[in-house]
file entry11.cif (mmCIF, C-alpha atoms)
data_final
#
loop_
_atom_site.label_atom_id
_atom_site.label_comp_id
_atom_site.auth_asym_id
_atom_site.auth_seq_id
_atom_site.Cartn_x
_atom_site.Cartn_y
_atom_site.Cartn_z
CA MET A 1 -31.38 -0.26 -5.00
CA ASN A 2 -29.24 -3.34 -4.31
CA ASP A 3 -26.08 -1.39 -5.08
CA SER A 4 -26.97 1.28 -2.56
CA ARG A 5 -27.68 -1.50 -0.02
CA LEU A 6 -24.14 -2.74 -0.51
CA GLU A 7 -22.74 0.76 0.06
CA THR A 8 -24.87 1.11 3.20
CA PHE A 9 -23.70 -2.28 4.43
CA LEU A 10 -20.05 -1.36 3.86
CA ALA A 11 -20.45 2.05 5.51
CA ARG A 12 -21.94 0.34 8.56
CA ILE A 13 -19.23 -2.30 9.02
CA TYR A 14 -16.52 0.31 8.40
CA VAL A 15 -17.64 2.65 11.20
CA ASP A 16 -19.82 0.66 13.60
CA GLN A 17 -17.75 -1.67 15.76
CA THR A 18 -20.73 -3.70 16.97
CA ALA A 19 -21.98 -4.24 13.42
CA ARG A 20 -18.46 -5.15 12.34
CA GLU A 21 -18.08 -7.73 15.10
CA ARG A 22 -21.46 -9.26 14.25
CA PHE A 23 -20.44 -9.41 10.59
CA LEU A 24 -17.06 -11.00 11.28
CA ALA A 25 -18.75 -13.61 13.49
CA ASP A 26 -21.32 -14.50 10.82
CA PRO A 27 -20.53 -12.82 7.48
CA ARG A 28 -23.05 -14.72 5.40
CA GLY A 29 -25.87 -14.37 7.88
CA GLU A 30 -25.35 -10.65 8.37
CA ALA A 31 -25.04 -10.00 4.63
CA LYS A 32 -28.26 -11.88 3.92
CA LYS A 33 -30.02 -10.05 6.75
CA ALA A 34 -28.98 -6.76 5.10
CA GLY A 35 -30.78 -7.79 1.90
CA LEU A 36 -27.70 -8.09 -0.29
CA THR A 37 -27.94 -10.07 -3.52
CA ALA A 38 -26.50 -13.58 -3.67
CA GLN A 39 -23.44 -12.27 -5.54
CA GLN A 40 -22.92 -9.44 -3.05
CA VAL A 41 -23.19 -11.93 -0.19
CA GLU A 42 -20.41 -14.00 -1.77
CA ASP A 43 -18.34 -10.83 -2.30
CA VAL A 44 -18.55 -9.64 1.30
CA VAL A 45 -17.98 -13.14 2.72
CA LYS A 46 -14.56 -13.01 0.99
CA ILE A 47 -13.75 -9.60 2.49
CA ASP A 48 -10.13 -8.77 3.23
CA ARG A 49 -10.30 -8.96 7.03
CA ASP A 50 -6.89 -7.37 7.60
CA GLY A 51 -7.87 -4.45 5.39
CA LEU A 52 -11.22 -4.10 7.13
CA GLU A 53 -9.62 -3.91 10.58
CA LEU A 54 -6.97 -1.43 9.42
CA LEU A 55 -9.55 0.74 7.70
CA ALA A 56 -11.84 0.71 10.72
CA ALA A 57 -8.96 1.67 13.04
CA SER A 58 -7.91 4.45 10.68
CA LEU A 59 -11.47 5.84 10.49
CA GLU A 60 -11.82 5.70 14.26
CA LYS A 61 -8.58 7.61 14.70
CA LYS A 62 -9.75 10.27 12.24
CA ALA A 63 -13.07 10.56 14.05
CA GLN A 64 -11.23 11.19 17.31
CA SER A 65 -8.82 13.76 15.87
CA MET B 66 3.10 26.49 -27.61
CA ALA B 67 4.96 25.30 -24.53
CA VAL B 68 2.82 24.08 -21.66
CA ARG B 69 3.05 25.88 -18.36
CA ASP B 70 2.79 23.61 -15.37
CA ARG B 71 1.88 25.05 -11.97
CA PHE B 72 3.10 23.98 -8.55
CA GLY B 73 1.51 24.80 -5.24
CA LEU B 74 0.53 23.84 -1.73
CA GLY B 75 -2.64 22.86 0.05
CA TRP B 76 -3.88 25.76 2.16
CA ARG B 77 -3.83 24.91 5.87
CA ALA B 78 -4.14 27.43 8.73
CA LYS B 79 -0.74 26.47 10.14
CA LEU B 80 0.88 26.99 6.73
CA ALA B 81 -0.85 30.28 5.98
CA LEU B 82 1.99 32.57 7.00
CA GLY B 83 4.59 30.44 5.21
CA ILE B 84 2.48 30.38 2.03
CA LEU B 85 1.75 34.11 2.04
CA SER B 86 5.43 34.86 2.63
CA ASN B 87 6.49 32.76 -0.35
CA LEU B 88 3.96 33.48 -3.09
CA ASP B 89 6.88 34.09 -5.47
CA ARG B 90 7.67 30.35 -5.18
CA ILE B 91 4.06 29.11 -5.21
CA ASP B 92 2.01 29.23 -8.40
CA ILE B 93 -1.32 28.11 -6.97
CA VAL B 94 -3.01 27.30 -3.66
CA GLU B 95 -5.55 24.53 -3.12
CA VAL B 96 -8.28 25.29 -0.58
CA ILE B 97 -10.61 22.72 1.00
CA ALA B 98 -14.04 23.90 -0.16
CA ASP B 99 -15.92 22.26 2.69
CA ASP B 100 -14.06 24.39 5.24
CA TYR B 101 -15.91 27.44 3.86
CA PHE B 102 -19.49 26.18 3.56
CA ARG B 103 -20.34 27.49 7.02
CA ALA B 104 -17.60 30.08 7.23
CA SER B 105 -18.17 33.56 8.58
CA HIS B 106 -18.27 36.60 6.27
CA ARG B 107 -14.81 37.48 7.51
CA GLU B 108 -13.39 34.05 6.64
CA ARG B 109 -14.96 34.13 3.19
CA ARG B 110 -13.61 37.62 2.61
CA ALA B 111 -10.16 36.33 3.56
CA LEU B 112 -10.55 33.56 0.98
CA ARG B 113 -11.55 36.07 -1.71
CA THR B 114 -8.50 38.14 -0.78
CA LEU B 115 -6.29 35.08 -1.12
CA ALA B 116 -7.84 34.32 -4.53
CA ALA B 117 -7.10 37.88 -5.63
CA GLN B 118 -3.43 37.40 -4.74
CA THR B 119 -2.79 33.98 -6.24
CA PRO B 120 -4.67 31.40 -8.33
CA VAL B 121 -6.85 29.20 -6.15
CA THR B 122 -8.31 25.77 -6.82
CA LEU B 123 -11.16 24.47 -4.63
CA HIS B 124 -11.11 20.89 -3.39
CA GLY B 125 -14.26 19.17 -2.15
CA VAL B 126 -14.20 16.21 0.20
CA SER B 127 -17.80 15.38 1.09
CA LEU B 128 -19.86 14.97 -2.07
CA GLY B 129 -19.40 11.21 -2.45
CA MET B 130 -19.42 11.35 -6.24
CA ALA B 131 -18.50 7.71 -6.97
CA SER B 132 -21.65 6.15 -5.65
CA SER B 133 -24.71 4.43 -7.01
CA VAL B 134 -26.63 6.99 -4.94
CA PRO B 135 -27.34 10.43 -6.52
CA VAL B 136 -25.20 13.25 -5.16
CA ASP B 137 -26.91 15.65 -2.76
CA THR B 138 -28.05 18.73 -4.67
CA LYS B 139 -27.75 20.97 -1.59
CA ARG B 140 -24.06 20.13 -1.30
CA LEU B 141 -23.58 20.90 -5.00
CA ASP B 142 -25.34 24.23 -4.47
CA GLN B 143 -22.83 25.06 -1.72
CA ILE B 144 -19.94 24.32 -4.08
CA ALA B 145 -21.60 26.39 -6.81
CA ARG B 146 -22.02 29.40 -4.52
CA LEU B 147 -18.43 29.18 -3.34
CA CYS B 148 -17.16 28.92 -6.92
CA ASP B 149 -19.22 31.98 -7.90
CA GLU B 150 -17.73 33.91 -5.01
CA VAL B 151 -14.09 32.84 -5.24
CA GLU B 152 -13.79 32.27 -9.01
CA PRO B 153 -11.24 29.46 -8.67
CA VAL B 154 -9.24 28.30 -11.66
CA SER B 155 -10.74 24.82 -11.13
CA TRP B 156 -12.49 22.64 -8.59
CA SER B 157 -12.10 18.99 -7.73
CA GLU B 158 -13.65 16.12 -5.84
CA HIS B 159 -12.98 12.42 -5.23
CA LEU B 160 -13.87 9.11 -6.81
CA ALA B 161 -15.16 7.97 -3.44
CA PHE B 162 -18.28 7.31 -1.43
CA VAL B 163 -18.49 8.94 1.97
CA ARG B 164 -21.86 7.78 3.33
CA GLY B 165 -24.45 5.08 2.88
CA GLY B 166 -28.00 4.83 4.18
CA GLY B 167 -27.47 7.89 6.36
CA ILE B 168 -24.26 6.55 7.89
CA GLU B 169 -21.40 9.02 7.55
CA ILE B 170 -18.07 7.25 7.03
CA GLY B 171 -16.12 10.35 8.02
CA HIS B 172 -13.57 9.96 5.29
CA LEU B 173 -13.18 9.05 1.63
CA ALA B 174 -13.91 5.37 1.02
CA ALA B 175 -13.27 3.43 -2.16
CA PRO B 176 -16.63 2.17 -3.47
CA PRO B 177 -17.21 -1.22 -5.08
CA ARG B 178 -15.64 -0.97 -8.55
CA SER B 179 -18.69 -2.03 -10.56
CA ALA B 180 -20.92 -1.00 -13.46
CA ALA B 181 -23.28 0.55 -10.89
CA THR B 182 -20.67 2.93 -9.48
CA VAL B 183 -19.34 3.76 -12.95
CA SER B 184 -22.81 4.82 -14.11
CA GLY B 185 -23.55 6.45 -10.75
CA ALA B 186 -20.37 8.52 -10.89
CA ILE B 187 -21.05 9.58 -14.48
CA ALA B 188 -24.59 10.67 -13.57
CA ASN B 189 -23.28 12.54 -10.53
CA LEU B 190 -20.66 14.28 -12.63
CA ARG B 191 -23.32 15.34 -15.12
CA ARG B 192 -25.36 16.78 -12.24
CA ALA B 193 -22.30 18.57 -10.84
CA ARG B 194 -21.59 20.13 -14.23
CA GLU B 195 -25.21 21.31 -14.52
CA ILE B 196 -25.28 22.93 -11.09
CA VAL B 197 -21.74 24.29 -10.75
CA GLY B 198 -21.28 25.08 -14.42
CA VAL B 199 -17.88 23.40 -14.63
CA SER B 200 -16.91 19.74 -14.23
CA PRO B 201 -14.74 18.87 -11.27
CA GLN B 202 -11.39 17.22 -11.71
CA MET B 203 -11.87 13.79 -10.16
CA GLU B 204 -9.29 12.32 -7.81
CA ASN B 205 -8.41 8.66 -7.34
CA VAL B 206 -8.44 7.70 -3.65
CA ALA B 207 -6.22 5.56 -1.45
CA THR B 208 -7.77 2.55 0.21
CA LEU B 209 -6.67 0.11 2.90
CA ILE B 210 -9.17 -2.50 1.72
CA ASP B 211 -9.88 -3.91 -1.71
CA PRO B 212 -13.53 -2.84 -1.93
CA PRO B 213 -15.90 -5.84 -1.77
CA GLY B 214 -18.26 -6.09 -4.72
CA SER B 215 -15.60 -5.02 -7.21
CA ASP B 216 -15.58 -6.75 -10.60
CA ARG B 217 -12.81 -4.73 -12.29
CA ASP B 218 -9.40 -3.35 -11.39
CA GLU B 219 -8.93 0.24 -10.30
CA ALA B 220 -7.25 1.43 -13.50
CA THR B 221 -10.14 0.11 -15.62
CA TRP B 222 -12.75 1.58 -13.28
CA VAL B 223 -11.14 5.03 -13.09
CA SER B 224 -10.48 5.24 -16.82
CA GLN B 225 -14.09 4.24 -17.63
CA ILE B 226 -15.46 7.05 -15.48
CA ILE B 227 -12.99 9.61 -16.77
CA ARG B 228 -13.48 8.72 -20.44
CA ASP B 229 -17.27 8.39 -20.37
CA SER B 230 -17.88 11.50 -18.27
CA GLU B 231 -15.31 13.53 -20.23
CA SER B 232 -13.95 14.74 -16.89
CA ASP B 233 -10.35 15.45 -16.05
CA LEU B 234 -8.40 13.29 -13.63
CA LEU B 235 -6.71 14.71 -10.59
CA LEU B 236 -4.15 11.94 -10.26
CA ASP B 237 -3.05 11.57 -6.64
CA LEU B 238 0.30 9.88 -7.03
CA HIS B 239 0.70 8.91 -3.39
CA ASN B 240 -2.76 7.32 -3.43
CA LEU B 241 -1.70 5.46 -6.57
CA HIS B 242 1.63 4.46 -5.03
CA ALA B 243 -0.02 3.26 -1.79
CA ASN B 244 -2.68 1.23 -3.61
CA SER B 245 -0.06 -0.29 -5.94
CA VAL B 246 2.08 -1.55 -3.05
CA ASN B 247 -0.91 -2.59 -0.95
CA PHE B 248 -2.63 -4.50 -3.73
CA ASN B 249 0.33 -5.44 -5.86
CA PHE B 250 -0.22 -3.79 -9.24
CA ASP B 251 2.02 -1.81 -11.57
CA PRO B 252 1.41 1.96 -11.19
CA ILE B 253 2.90 2.70 -14.61
CA ASP B 254 0.42 0.30 -16.21
CA TYR B 255 -2.33 2.15 -14.31
CA ILE B 256 -1.15 5.51 -15.69
CA SER B 257 -1.08 4.07 -19.20
CA HIS B 258 -4.83 3.31 -18.91
CA ILE B 259 -5.66 6.99 -18.44
CA PRO B 260 -6.09 9.16 -21.55
CA PRO B 261 -3.07 11.50 -21.24
CA GLU B 262 -5.10 14.48 -22.42
CA GLN B 263 -7.44 14.03 -19.44
CA ILE B 264 -4.78 14.29 -16.73
CA SER B 265 -4.80 17.91 -15.60
CA ALA B 266 -3.85 17.87 -11.92
CA ILE B 267 -1.61 15.97 -9.53
CA HIS B 268 -1.54 15.52 -5.78
CA LEU B 269 1.62 14.64 -3.89
CA ALA B 270 1.76 13.50 -0.27
CA GLY B 271 3.37 11.01 2.05
CA GLY B 272 2.34 8.25 4.40
CA LYS B 273 3.48 5.51 6.73
CA TRP B 274 3.31 1.75 7.08
CA ILE B 275 0.73 0.33 9.47
CA GLY B 276 -0.47 -3.14 10.47
CA ARG B 277 1.08 -6.43 11.52
CA PRO B 278 4.37 -7.52 9.87
CA ASN B 279 2.66 -10.01 7.53
CA ALA B 280 -0.30 -7.75 6.80
CA ARG B 281 1.24 -4.32 6.41
CA ARG B 282 -0.40 -1.53 4.41
CA LEU B 283 0.87 1.85 3.37
CA LEU B 284 -1.44 4.51 4.82
CA ASP B 285 -1.80 7.81 2.95
CA ASP B 286 -1.76 10.13 5.96
CA HIS B 287 -0.47 13.45 4.55
CA LEU B 288 1.83 13.68 7.59
CA HIS B 289 5.09 12.63 5.98
CA ASP B 290 7.39 13.72 3.18
CA VAL B 291 6.76 12.69 -0.42
CA PRO B 292 8.65 9.40 -0.99
CA GLY B 293 11.00 8.80 -3.91
CA PRO B 294 8.72 6.49 -5.93
CA VAL B 295 6.10 9.24 -6.10
CA TYR B 296 8.55 11.62 -7.80
CA GLN B 297 9.36 8.84 -10.28
CA LEU B 298 5.66 8.51 -11.06
CA LEU B 299 5.46 12.28 -11.42
CA GLU B 300 8.23 12.23 -14.02
CA GLU B 301 6.30 9.52 -15.85
CA VAL B 302 3.13 11.63 -15.87
CA GLY B 303 5.17 14.62 -17.03
CA ALA B 304 6.34 12.55 -19.97
CA ARG B 305 2.79 11.54 -20.94
CA ALA B 306 0.39 14.35 -20.02
CA THR B 307 -0.37 16.58 -22.97
CA ARG B 308 -1.82 19.50 -21.02
CA PRO B 309 -0.43 21.81 -18.34
CA LEU B 310 -0.43 20.15 -14.95
CA THR B 311 -1.41 21.68 -11.62
CA VAL B 312 0.72 19.92 -9.01
CA ILE B 313 -0.31 20.32 -5.36
CA LEU B 314 1.68 19.14 -2.36
CA GLU B 315 -0.68 18.17 0.46
CA ARG B 316 0.40 18.28 4.09
CA ASP B 317 -2.20 18.00 6.86
CA GLY B 318 -0.06 17.91 10.02
CA ASN B 319 3.35 17.18 11.53
CA PHE B 320 4.27 20.39 9.74
CA PRO B 321 7.93 20.99 8.92
CA PRO B 322 9.25 24.50 8.23
CA VAL B 323 7.65 25.82 5.05
CA GLU B 324 11.08 25.90 3.41
CA TRP B 325 11.13 22.10 3.65
CA LEU B 326 7.82 21.92 1.78
CA LEU B 327 9.06 24.39 -0.83
CA GLU B 328 12.08 22.15 -1.40
CA GLN B 329 9.72 19.24 -2.03
CA LEU B 330 7.88 21.47 -4.48
CA ASP B 331 11.21 22.12 -6.22
CA LEU B 332 11.79 18.36 -6.44
CA ALA B 333 8.36 18.10 -8.04
CA ARG B 334 9.24 20.84 -10.54
CA ARG B 335 12.40 18.97 -11.49
CA ALA B 336 10.54 15.65 -11.85
CA VAL B 337 7.97 17.19 -14.19
CA ALA B 338 10.73 18.95 -16.13
CA ARG B 339 12.52 15.62 -16.65
CA GLY B 340 9.28 14.12 -17.92
CA ARG B 341 8.58 17.06 -20.22
CA ALA B 342 12.14 16.80 -21.59
CA ARG B 343 11.60 13.10 -22.34
CA ARG B 344 8.36 13.98 -24.12
CA SER B 345 10.08 16.67 -26.19
CA ALA B 346 12.98 14.34 -27.06
CA ALA B 347 10.58 11.59 -28.14
CA ALA B 348 8.66 14.06 -30.35
CA ALA B 349 11.83 15.44 -31.99
#
call {"tool": "encode", "arguments": {"input": "entry11.cif", "output": "structure tokens"}}
result
Amino acid sequence: MNDSRLETFLARIYVDQTARERFLADPRGEAKKAGLTAQQVEDVVKIDRDGLELLAASLEKKAQS
Amino acid sequence: MAVRDRFGLGWRAKLALGILSNLDRIDIVEVIADDYFRASHRERRALRTLAAQTPVTLHGVSLGMASSVPVDTKRLDQIARLCDEVEPVSWSEHLAFVRGGGIEIGHLAAPPRSAATVSGAIANLRRAREIVGVSPQMENVATLIDPPGSDRDEATWVSQIIRDSESDLLLDLHNLHANSVNFNFDPIDYISHIPPEQISAIHLAGGKWIGRPNARRLLDDHLHDVPGPVYQLLEEVGARATRPLTVILERDGNFPPVEWLLEQLDLARRAVARGRARRSAAAA
């Protein structure tokens, strides 16, 4: 269950700009609110922000094409 | 007995004429399975006709096999029906997740590399084998982000799934090349983690650099020519793989004349031949 929550959380911040902005403003708070485990919270707090932005832009471009 | 490797192109509407005009230089065609789930009778008949002319392999893109969430049985049923109808020589999917909690990502995403996704992928592969009757070849994916929640490197994660599920690997060498430059690992070391008898297919493609100067990433976009390092990796796989390889060149847009793609296929043939020669020399 917790592993699927992490996948849902990642899917959301990858494709939903509002969710992504909320996460980047308060990573720990948003991860806890999503019900992630303590370890998963620590993992997403350390997210590669450059990679996240590039991935999100790439997905958005694909969605538009 | 000598192995017979096969070389082919990904089927795209804009390449159709070029492919059909050059079947003497193309051993196999890879068709995106998902394009035919809702296809008309006429389109499916055209696919059957193509499969009667040349070997076809089906490539799925929407199952989301590498997930802690069970794969959707309805989607597997669609693959099974298409396989029954087309009788492909093989089918393949990706070591990726594509949705979570009802949110469609719209593309292949690298999941957290964890025990949960290893066991989830193995369970999904077992289900796929039960429903379709044949295991898919599983493809490594490119990623622009090191997936959060990962507790092992990609080579370890991929090899665990491939070994424990007894599935074959469709090794996408541009995905491997892109991930190795983006996340600074040795692609040859990665290849050495994979049981050579479980590598049965290869994808080749190209990409471009994106991002700010100090945070650049190589994007696998299928819109550019295959770069040199990918052919070097292909030679390496040719030297190690023990079974015949199916090598597919993928091009999704920015299409050059088909002759240009066929020349890249010839470069691929030569790279595999160099690898096979090394293997033979080492065995002698």
call {"tool": "closest_residue", "arguments": {"input": "entry11.cif", "among": "B:Ile259, B:Ala116, B:Val295, B:Ala161", "to": "chain A", "atoms": "all atoms listed in the file"}}
result
B:Ala161
call {"tool": "residues_around", "arguments": {"input": "entry11.cif", "residues": "A:Asp48", "least_positions_apart": "5", "cutoff": "10 Å", "atoms": "only C-alpha atoms", "output": "list in words"}}
result
Glu53 of chain A; Leu209, Ile210, Asp211, Pro212 and Pro213 of chain B
call {"tool": "residues_around", "arguments": {"input": "entry11.cif", "residues": "B:Leu160", "least_positions_apart": "6", "cutoff": "9 Å", "atoms": "all atoms listed in the file", "output": "ChimeraX atom specification"}}
result
/B:129-132,173-176,186,203-206,223
call {"tool": "interface_residues", "arguments": {"input": "entry11.cif", "of": "chain B", "to": "chain A", "cutoff": "7 Å", "atoms": "all atoms listed in the file", "output": "NGL selection string"}}
result
:B and (133-134 or 164-166 or 168 or 170-172 or 181 or 209-211 or 213-214 or 276 or 280)
call {"tool": "resolve_selection", "arguments": {"input": "entry11.cif", "expression": "the PyMOL selection byres ((chain B and resi 108-113) around 9)", "output": "list in words"}}
result
Val96, Tyr101, Ala104, Ser105, His106, Arg107, Thr114, Leu115, Ala116, Ala117, Gln118, Leu147, Glu150, Val151 and Glu152 of chain B
call {"tool": "closest_residue", "arguments": {"input": "entry11.cif", "among": "B:Val246, B:Leu128, B:Leu241, B:Ala98", "to": "B:Leu298", "atoms": "all atoms listed in the file"}}
result
B:Leu241
call {"tool": "residues_around", "arguments": {"input": "entry11.cif", "residues": "stretch 77-80 of chain B", "least_positions_apart": "6", "cutoff": "8 Å", "atoms": "only C-alpha atoms", "output": "JSON, numbers by chain"}}
result
{"B": [96, 317, 320, 323]}
call {"tool": "residues_near_point", "arguments": {"input": "entry11.cif", "point": "(0.4, 2.7, -21.5)", "cutoff": "12 Å", "atoms": "all atoms listed in the file", "output": "list in words"}}
result
Ala220, Asp251, Pro252, Ile253, Asp254, Tyr255, Ile256, Ser257, His258, Ile259, Pro260, Pro261, Glu301, Val302, Ala304, Arg305 and Ala306 of chain B
call {"tool": "resolve_selection", "arguments": {"input": "entry11.cif", "expression": "the PyMOL selection byres ((chain B and resi 299) around 9)", "output": "tab-separated table (two decimals) with C-alpha atoms, in the coordinates of the input"}}
result
chain	number	residue	atom	x	y	z
B	238	LEU	CA	0.30	9.88	-7.03
B	267	ILE	CA	-1.61	15.97	-9.53
B	269	LEU	CA	1.62	14.64	-3.89
B	294	PRO	CA	8.72	6.49	-5.93
B	295	VAL	CA	6.10	9.24	-6.10
B	296	TYR	CA	8.55	11.62	-7.80
B	297	GLN	CA	9.36	8.84	-10.28
B	298	LEU	CA	5.66	8.51	-11.06
B	300	GLU	CA	8.23	12.23	-14.02
B	301	GLU	CA	6.30	9.52	-15.85
B	302	VAL	CA	3.13	11.63	-15.87
B	303	GLY	CA	5.17	14.62	-17.03
B	304	ALA	CA	6.34	12.55	-19.97
B	333	ALA	CA	8.36	18.10	-8.04
B	336	ALA	CA	10.54	15.65	-11.85
B	337	VAL	CA	7.97	17.19	-14.19
B	340	GLY	CA	9.28	14.12	-17.92
call {"tool": "atom_distance", "arguments": {"input": "entry11.cif", "atom1": "atom CA of B:Phe102", "atom2": "atom CA of B:Ile144"}}
result
7.9 Å
call {"tool": "atom_distance", "arguments": {"input": "entry11.cif", "atom1": "atom CA of A:Glu30", "atom2": "atom CA of B:Gly185"}}
result
25.7 Å
call {"tool": "resolve_selection", "arguments": {"input": "entry11.cif", "expression": "the PyMOL selection byres ((chain B and resi 313) around 9)", "output": "JSON, numbers by chain"}}
result
{"B": [71, 72, 73, 74, 75, 93, 94, 95, 266, 267, 268, 269, 270, 311, 312, 314, 315, 330]}
call {"tool": "residues_around", "arguments": {"input": "entry11.cif", "residues": "B:Arg194", "least_positions_apart": "2", "cutoff": "12 Å", "atoms": "only C-alpha atoms", "output": "list in words"}}
result
Val136, Thr138, Leu141, Asp142, Ile144, Ala145, Trp156, Ser157, Ile187, Ala188, Asn189, Leu190, Arg191, Arg192, Ile196, Val197, Gly198, Val199, Ser200, Pro201, Gln202, Ser230, Glu231 and Ser232 of chain B
call {"tool": "atom_distance", "arguments": {"input": "entry11.cif", "atom1": "atom CA of B:Arg140", "atom2": "atom CA of B:Arg103"}}
result
11.7 Å
call {"tool": "closest_residue", "arguments": {"input": "entry11.cif", "among": "B:Ala243, B:Leu310, B:Leu284, B:Ala193", "to": "B:Glu158", "atoms": "only C-alpha atoms"}}
result
B:Ala193
call {"tool": "decode", "arguments": {"input": "entry11.cif", "residues": "stretch 234-295 of chain B", "atoms": "C-alpha atoms", "output": "compact mmCIF listing (two decimals), in the first residue's frame"}}
result
# COMPACT_ATOMS: atom_id res chain seq x y z
CA LEU B 234 15.74 -8.35 -21.64
CA LEU B 235 15.09 -5.99 -24.50
CA LEU B 236 18.17 -3.86 -23.93
CA ASP B 237 17.61 -0.33 -25.20
CA LEU B 238 21.14 0.87 -25.74
CA HIS B 239 20.29 4.54 -26.15
CA ASN B 240 18.31 4.43 -22.90
CA LEU B 241 21.33 2.82 -21.28
CA HIS B 242 23.70 5.36 -22.84
CA ALA B 243 21.51 8.31 -21.77
CA ASN B 244 21.14 7.06 -18.19
CA SER B 245 24.88 6.35 -17.95
CA VAL B 246 25.84 9.90 -18.96
CA ASN B 247 23.04 11.50 -16.95
CA PHE B 248 23.77 9.58 -13.76
CA ASN B 249 27.44 8.85 -14.22
CA PHE B 250 27.76 5.06 -14.31
CA ASP B 251 29.66 2.66 -16.56
CA PRO B 252 27.35 1.14 -19.21
CA ILE B 253 29.69 -1.80 -19.78
CA ASP B 254 29.52 -2.66 -16.08
CA TYR B 255 25.72 -2.48 -16.39
CA ILE B 256 25.76 -4.93 -19.32
CA SER B 257 28.00 -7.29 -17.37
CA HIS B 258 25.28 -7.55 -14.67
CA ILE B 259 22.79 -9.01 -17.15
CA PRO B 260 22.87 -12.77 -17.78
CA PRO B 261 24.05 -12.87 -21.43
CA GLU B 262 21.66 -15.70 -22.25
CA GLN B 263 18.73 -13.46 -21.30
CA ILE B 264 19.49 -10.64 -23.73
CA SER B 265 17.38 -11.32 -26.81
CA ALA B 266 16.52 -7.92 -28.26
CA ILE B 267 18.05 -4.49 -28.71
CA HIS B 268 16.66 -1.03 -29.35
CA LEU B 269 18.69 1.71 -30.99
CA ALA B 270 17.70 5.38 -31.11
CA GLY B 271 19.04 8.88 -30.71
CA GLY B 272 18.42 11.92 -28.58
CA LYS B 273 19.50 15.43 -27.71
CA TRP B 274 20.88 17.40 -24.79
CA ILE B 275 18.44 19.52 -22.80
CA GLY B 276 18.60 21.69 -19.67
CA ARG B 277 20.80 24.43 -18.30
CA PRO B 278 24.58 24.26 -18.95
CA ASN B 279 25.38 22.99 -15.44
CA ALA B 280 22.39 20.65 -15.28
CA ARG B 281 22.24 19.11 -18.73
CA ARG B 282 20.61 15.75 -19.42
CA LEU B 283 20.56 13.61 -22.51
CA LEU B 284 16.94 13.12 -23.59
CA ASP B 285 16.03 9.92 -25.45
CA ASP B 286 13.70 11.47 -28.03
CA HIS B 287 13.86 9.05 -31.00
CA LEU B 288 14.21 12.09 -33.28
CA HIS B 289 17.94 11.92 -33.96
CA ASP B 290 20.48 9.53 -35.42
CA VAL B 291 22.03 6.76 -33.35
CA PRO B 292 25.21 8.20 -31.76
CA GLY B 293 28.60 6.48 -31.92
CA PRO B 294 28.74 5.28 -28.30
CA VAL B 295 25.54 3.28 -28.86
